[in-house]
Structures are given as C-alpha cells and as structure tokens.
Amino acid sequence: MDSSNSTSRVNANRLFYASCFALITTAFSFAIAAGILDQLKTELELSASQAGLITSMWFLGFPIAMVIGGLIYHKVGGKVIMQFAFFAHAIGILLLIFSGSYMGLLVANLLIGLGNGCTEAACNPMIADAYKGNRMSTMLNRFHMWFPGGIAVGSLLSGFMTDMGIIGQSQVWLLLIPAVIYAFLFFGQTWPKAKIEEAATISGNLKGMFTPLFLFIAICMALTAISEFGPNQWVGLILSKSGAEPTLILALTAGLMAVARFFGGSMVAKFNQTGVLLGSAILATLGIYLFSTQTGAMAYVAAVIFALGVAYFWPNMIGLAATKTPKTGALGMSIIGAIGMFSSSIFQPIIGGWIDADRAAAEAQGFTGDELELVSGQETLGTMVLFPAILIVLFTILYFWLKNKESNVEVAAA
C-alpha cells in the first residue's frame, strides 16, 4: 500500500503497474500493427490510400475514447472504462489476427485505438488522484515512459520474431500478453476518489476549462505533440538517404525518452514543471535543427538531443493540467491528451504538403535520387523547427505567468 493513497482500500501501486501494462499494450499495437501493415497491403492488394485509412483508424479511435472517457470517468468510474479498454483491445487484436478483409482491418484498428484512448482517459486521472505533489509528477512520467519504452521493446521483439520466421499477423498474438496482465492486475481493485470535489463534476470540469490558463495550456499541448510526433514520423524516411540507419535512430530516440521519463520526477522537483518544459523546448528546437542540417554520424547526436527535448512534453503537459487547473479533473486531462492527438493528425498532411513542395523546389534546382530526398526532407525539417521555437516563447510567458500567480497567492495568504 502507498502512503499517498486516497483511501486505505486503494492499492495505488497495483493500479499503477496495471496502468503500465495497459500502456505497453498501446505501444506494442503502435510498433507491431504498423510493422505488419506493409505485408497486409501486399497480401490483400490494398492501395496506399486504403492502407493509410487503416492506420488513421488507430489515431481516430484514440482521441474519441479519450474525450468520452473523460466525460464519463466520474460517473461510471475508471474500472468500467478499463473493462471496456480490455474488451476493445481483445476483440481488436483477434480481428487483426484472423480478419482477411479490408473492412475487418479498419474495425480492428478502430477498436485498438479506442482501447488505447480508454487507457489514457482512465489511467492519467487515477495516477493524479492516487499520488500527491512531486510523487504524482514522478509517477505520471514513469507511466508515460512505457509508451516509448514499449515501442522500443515491441520493435525489438518484432525484429526477433521476424528473424525466427514468425511474420505478419502471427506477431499480433504478442499484444495479448500485456493486455491479459493488465486485466488481471486491475481485477477487483478499488479506484481512488477525486482530490477536489469540483473535479468530480462535469460542470466543475467545464468551469475549470474555460479559463485563460487552461486554454493557454491547450495551445501549448497542440505544439508539443506535433514537435514530438511530426519529426518522428518523417525522420526515418529522410535519414535513410543521409548515411544514418533510421531504425537505429528511432530505437535510440525511443530508448532515451523512456530513460529520461523514468527520472522525470527528479527533474520537475529541481526545475518545476514550466522550467522542465522550457528546457525541453530549447533542446527539441536544437535537435530538429541538427536533423535538418547534419548527415551521417551527426544524425545520432541530433537524435540524442531531440529525444531529451521531447521526452518530457507529453507527461508534464498532462501533469500541468492536473496541478495548475485541478478543477478540470479527468475531463481536463483527457481533453489535453486528445488535443495532442488531434494536433498530430491535423498537422501530418500539412507536413506532407511541405515535403511535396520542398521536393518540387529541389527538383527544379536539379537534384535527383537520394540527394533529392535528403535535400527536400531536410528543408522540411528546417520548417518544423518553428513548432518548438514558438514553444520557447510560450513556455517563457507561462513560467513568469505562474510565478506571478504564485507570488499573488503568497501575498494574499500573508
């Protein structure tokens, strides 16, 4: 039992470990389901747009479940949301394994996306309610370390299974292992109650959300999400033409992010949430700039700086909403997470448009082949530097805003 439990009957540690396995299921679905898409595309003779729609179902289900889960969290409880998450994961995984049709794969990815969104909707507020102060920041960071950590482990296991001759949909069975573990760990557990009474009502949540501070945090979340997911989606494609090994870059980035998040609580204790986010924006800007200018071995240096920059974005933006706008409750955390996912889906085609325009410009200058891909790709990454660069300004404003707010509270208390 943990001393920071909301009630004596709440086993915060068991709930936390269950949450981690649920997030590992999410990460495995991201790493393995994406990995077999190429093979399914060939087997089922799907067009690129059909394959893209299958992938988009994963991203669509995620924010839908997060928003609905946030709305009903204090009505039905996190336990019910996680029961639905297991149902959606299990049916989605089995459909992914046994479905031989385009429509079946669409439904499978949508269900897995819904399960993943439910995990975030239920587990973020549970951790915020089960732990207090800096311990909460520590546990949120350690919960979120399992997304990059799970992707790294899932990718390695997928590679090992491919070497063993276990390919395609046979690899999807692996997703059921963490899913069954989290279902067992959650079974029969009591969930913690909201720390603040207003946080347990929709009207209280909405009141807390329609404040300048929450809306400012929401804008920052949209930019932190695309700063993380934008370059991650395109960097492998671009770096493969520069002499660097893209899979090694992605594994290095994911591994470093997981390690950094493990120590996230110590960083927050030392520099506070806004200090950590400001430092992260500076490192992310530098990392993306290096990606846009360097090739070969220097790309690995860029990956290290980029990973350390984006590692603290997602968990500490969720934590910022929980600590600085506590009345927003489970709904506020879910809306912040959903904004991050929606931002990623909205900006991806825009980034694709930048790549097309930069490729056309590079072709006009006479570049061809790998050199064309590298020059146009790096030009696009150079444009992406704008996202974290804007965040440096926004987090500087937020740092002084919150400092001033805390000073006013201290003066009023005196």
# chains A, B, ... in the order shown; residues from 1 in each chain; ligands from 1

$ residues_around --residues "Phe28 (chain A)" --least-positions-apart "6" --cutoff "9 Å" --atoms "only C-alpha atoms" --output "CSV table (one decimal) with all heavy atoms, in the first residue's frame"
chain,number,residue,atom,x,y,z
A,147,PHE,N,5.3,4.2,-23.1
A,147,PHE,CA,5.0,4.3,-24.5
A,147,PHE,C,6.2,4.3,-25.4
A,147,PHE,O,6.3,3.3,-26.2
A,147,PHE,CB,4.2,5.6,-24.8
A,147,PHE,CG,3.6,5.7,-26.2
A,147,PHE,CD1,2.7,4.8,-26.6
A,147,PHE,CD2,4.1,6.6,-27.1
A,147,PHE,CE1,2.2,4.8,-27.9
A,147,PHE,CE2,3.7,6.6,-28.4
A,147,PHE,CZ,2.7,5.7,-28.8
A,150,GLY,N,7.8,0.8,-24.5
A,150,GLY,CA,7.1,-0.3,-25.1
A,150,GLY,C,7.3,-0.4,-26.6
A,150,GLY,O,7.4,-1.5,-27.2
A,151,ILE,N,7.4,0.8,-27.3
A,151,ILE,CA,7.7,0.8,-28.7
A,151,ILE,C,9.1,0.2,-29.0
A,151,ILE,O,9.3,-0.6,-29.9
A,151,ILE,CB,7.6,2.3,-29.3
A,151,ILE,CG1,6.2,2.7,-29.4
A,151,ILE,CG2,8.3,2.3,-30.7
A,151,ILE,CD1,6.0,4.2,-29.7
A,152,ALA,N,10.1,0.6,-28.2
A,152,ALA,CA,11.5,0.1,-28.3
A,152,ALA,C,11.4,-1.5,-28.1
A,152,ALA,O,12.0,-2.2,-28.9
A,152,ALA,CB,12.4,0.7,-27.3
A,153,VAL,N,10.8,-1.9,-27.0
A,153,VAL,CA,10.7,-3.4,-26.7
A,153,VAL,C,9.9,-4.1,-27.8
A,153,VAL,O,10.4,-5.2,-28.3
A,153,VAL,CB,10.1,-3.6,-25.3
A,153,VAL,CG1,9.9,-5.1,-25.1
A,153,VAL,CG2,11.0,-3.1,-24.2
A,154,GLY,N,8.8,-3.5,-28.2
A,154,GLY,CA,7.9,-4.1,-29.2
A,154,GLY,C,8.6,-4.3,-30.6
A,154,GLY,O,8.5,-5.3,-31.2
A,155,SER,N,9.4,-3.2,-30.9
A,155,SER,CA,10.2,-3.3,-32.2
A,155,SER,C,11.2,-4.3,-32.2
A,155,SER,O,11.4,-5.1,-33.2
A,155,SER,CB,10.8,-1.9,-32.5
A,155,SER,OG,9.8,-0.9,-32.5
A,172,VAL,N,1.0,-10.5,-34.0
A,172,VAL,CA,0.0,-9.7,-33.3
A,172,VAL,C,-0.4,-10.4,-32.0
A,172,VAL,O,-0.9,-9.8,-31.0
A,172,VAL,CB,-1.3,-9.4,-34.2
A,172,VAL,CG1,-2.3,-8.6,-33.4
A,172,VAL,CG2,-0.8,-8.7,-35.4
A,174,LEU,N,1.4,-11.3,-29.7
A,174,LEU,CA,2.2,-10.7,-28.7
A,174,LEU,C,1.4,-9.6,-27.9
A,174,LEU,O,1.7,-9.5,-26.7
A,174,LEU,CB,3.5,-10.1,-29.3
A,174,LEU,CG,4.6,-9.7,-28.4
A,174,LEU,CD1,5.2,-11.0,-27.7
A,174,LEU,CD2,5.7,-9.0,-29.2
A,175,LEU,N,0.5,-8.9,-28.6
A,175,LEU,CA,-0.2,-7.9,-28.0
A,175,LEU,C,-1.1,-8.4,-26.8
A,175,LEU,O,-1.4,-7.6,-25.9
A,175,LEU,CB,-1.1,-7.1,-29.0
A,175,LEU,CG,-0.5,-6.0,-29.8
A,175,LEU,CD1,0.6,-6.4,-30.7
A,175,LEU,CD2,-1.6,-5.3,-30.6
A,178,PRO,N,0.6,-8.4,-22.7
A,178,PRO,CA,0.4,-7.3,-21.7
A,178,PRO,C,-1.1,-7.0,-21.4
A,178,PRO,O,-1.5,-6.5,-20.3
A,178,PRO,CB,1.1,-6.1,-22.4
A,178,PRO,CG,1.1,-6.4,-23.8
A,178,PRO,CD,1.3,-7.9,-23.9

$ residues_around --residues "region 200-209 of chain A" --least-positions-apart "5" --cutoff "10 Å" --atoms "only C-alpha atoms" --output "MDAnalysis selection string"
chainID A and resid 70:75 193:195 214:215 218 321 325:332 335

$ residues_around --residues "Ser56 (chain A)" --least-positions-apart "3" --cutoff "10 Å" --atoms "only C-alpha atoms" --output "number ranges by chain"
A: 50-53, 59-61, 106, 109-110, 113, 345

$ closest_residue --among "A:Phe84, A:Tyr399, A:Phe263, A:Phe347" --to "Leu308 (chain A)" --atoms "only C-alpha atoms"
A:Phe263

$ residues_around --residues "Lys41 (chain A)" --least-positions-apart "4" --cutoff "12 Å" --atoms "only C-alpha atoms" --output "JSON, numbers by chain"
{"A": [34, 35, 36, 37, 45, 46, 47, 48, 49, 50, 51, 52, 53, 54, 55, 100, 101, 102, 105, 168]}

$ residues_around --residues "region 290-294 of chain A" --least-positions-apart "3" --cutoff "10 Å" --atoms "only C-alpha atoms" --output "PyMOL selection string"
chain A and resi 231+235+238-239+242+284-287+297-303+305-306+374-385

$ atom_distance --atom1 "CA of Gly296 (chain A)" --atom2 "CA of Asp370 (chain A)"
13.6 Å

$ atom_distance --atom1 "CA of Gln39 (chain A)" --atom2 "CA of Asn232 (chain A)"
21.9 Å

$ select_by_dssp --residues "region 167-307 of chain A" --states "alpha helix (DSSP H)" --output "ChimeraX atom specification"
/A:176-186,202-209,212-239,246-262,264-293,298-307

$ residues_around --residues "Asn116 (chain A)" --least-positions-apart "3" --cutoff "10 Å" --atoms "only C-alpha atoms" --output "list in words"
Ala22, Leu23, Ile24, Thr25, Thr26, Ala27, Ser29, Phe30, Trp58, Phe59, Gly61, Phe62, Pro63, Ala65, Met66, Met82, Ala85, Phe86, Ala88, His89, Leu110, Leu111, Ile112, Gly113, Thr119, Glu120 and Ala121 of chain A

$ residues_around --residues "Ser343 (chain A)" --least-positions-apart "6" --cutoff "8 Å" --atoms "only C-alpha atoms" --output "list of chain:residue names"
A:Ala222, A:Leu223, A:Ala225, A:Ile226

$ closest_residue --among "A:Met103, A:Ala33, A:Phe143, A:Phe98" --to "Ser19 (chain A)" --atoms "only C-alpha atoms"
A:Phe143

$ decode --residues "region 60-93 of chain A" --atoms "C-alpha atoms" --output "PDB file, in the first residue's frame"
ATOM      1  CA  LEU A  60      -9.130   8.324 -34.754  1.00  0.00           C
ATOM      2  CA  GLY A  61     -10.195   5.873 -32.039  1.00  0.00           C
ATOM      3  CA  PHE A  62      -7.638   7.229 -29.588  1.00  0.00           C
ATOM      4  CA  PRO A  63      -8.957  10.833 -29.122  1.00  0.00           C
ATOM      5  CA  ILE A  64     -12.630   9.773 -29.399  1.00  0.00           C
ATOM      6  CA  ALA A  65     -12.180   7.362 -26.464  1.00  0.00           C
ATOM      7  CA  MET A  66     -10.151   9.932 -24.507  1.00  0.00           C
ATOM      8  CA  VAL A  67     -12.856  12.609 -24.740  1.00  0.00           C
ATOM      9  CA  ILE A  68     -15.775  10.231 -23.998  1.00  0.00           C
ATOM     10  CA  GLY A  69     -13.765   8.565 -21.214  1.00  0.00           C
ATOM     11  CA  GLY A  70     -13.016  11.963 -19.663  1.00  0.00           C
ATOM     12  CA  LEU A  71     -16.706  12.905 -19.768  1.00  0.00           C
ATOM     13  CA  ILE A  72     -17.886   9.720 -18.032  1.00  0.00           C
ATOM     14  CA  TYR A  73     -14.869   8.995 -15.746  1.00  0.00           C
ATOM     15  CA  HIS A  74     -16.509  10.217 -12.517  1.00  0.00           C
ATOM     16  CA  LYS A  75     -19.938   8.823 -13.488  1.00  0.00           C
ATOM     17  CA  VAL A  76     -19.019   5.226 -14.319  1.00  0.00           C
ATOM     18  CA  GLY A  77     -15.532   5.052 -12.774  1.00  0.00           C
ATOM     19  CA  GLY A  78     -12.105   4.218 -14.190  1.00  0.00           C
ATOM     20  CA  LYS A  79     -12.677   0.499 -13.564  1.00  0.00           C
ATOM     21  CA  VAL A  80     -15.546   0.343 -16.107  1.00  0.00           C
ATOM     22  CA  ILE A  81     -13.528   2.342 -18.670  1.00  0.00           C
ATOM     23  CA  MET A  82     -10.625  -0.129 -18.342  1.00  0.00           C
ATOM     24  CA  GLN A  83     -13.021  -3.090 -18.663  1.00  0.00           C
ATOM     25  CA  PHE A  84     -14.160  -1.618 -21.985  1.00  0.00           C
ATOM     26  CA  ALA A  85     -10.480  -0.994 -22.910  1.00  0.00           C
ATOM     27  CA  PHE A  86      -9.726  -4.711 -22.426  1.00  0.00           C
ATOM     28  CA  PHE A  87     -12.813  -5.717 -24.441  1.00  0.00           C
ATOM     29  CA  ALA A  88     -11.798  -3.329 -27.290  1.00  0.00           C
ATOM     30  CA  HIS A  89      -8.157  -4.467 -27.188  1.00  0.00           C
ATOM     31  CA  ALA A  90      -9.023  -8.188 -27.130  1.00  0.00           C
ATOM     32  CA  ILE A  91     -11.610  -8.047 -29.958  1.00  0.00           C
ATOM     33  CA  GLY A  92      -9.417  -5.658 -31.989  1.00  0.00           C
ATOM     34  CA  ILE A  93      -6.330  -7.883 -31.622  1.00  0.00           C
TER      35      ILE A  93
END
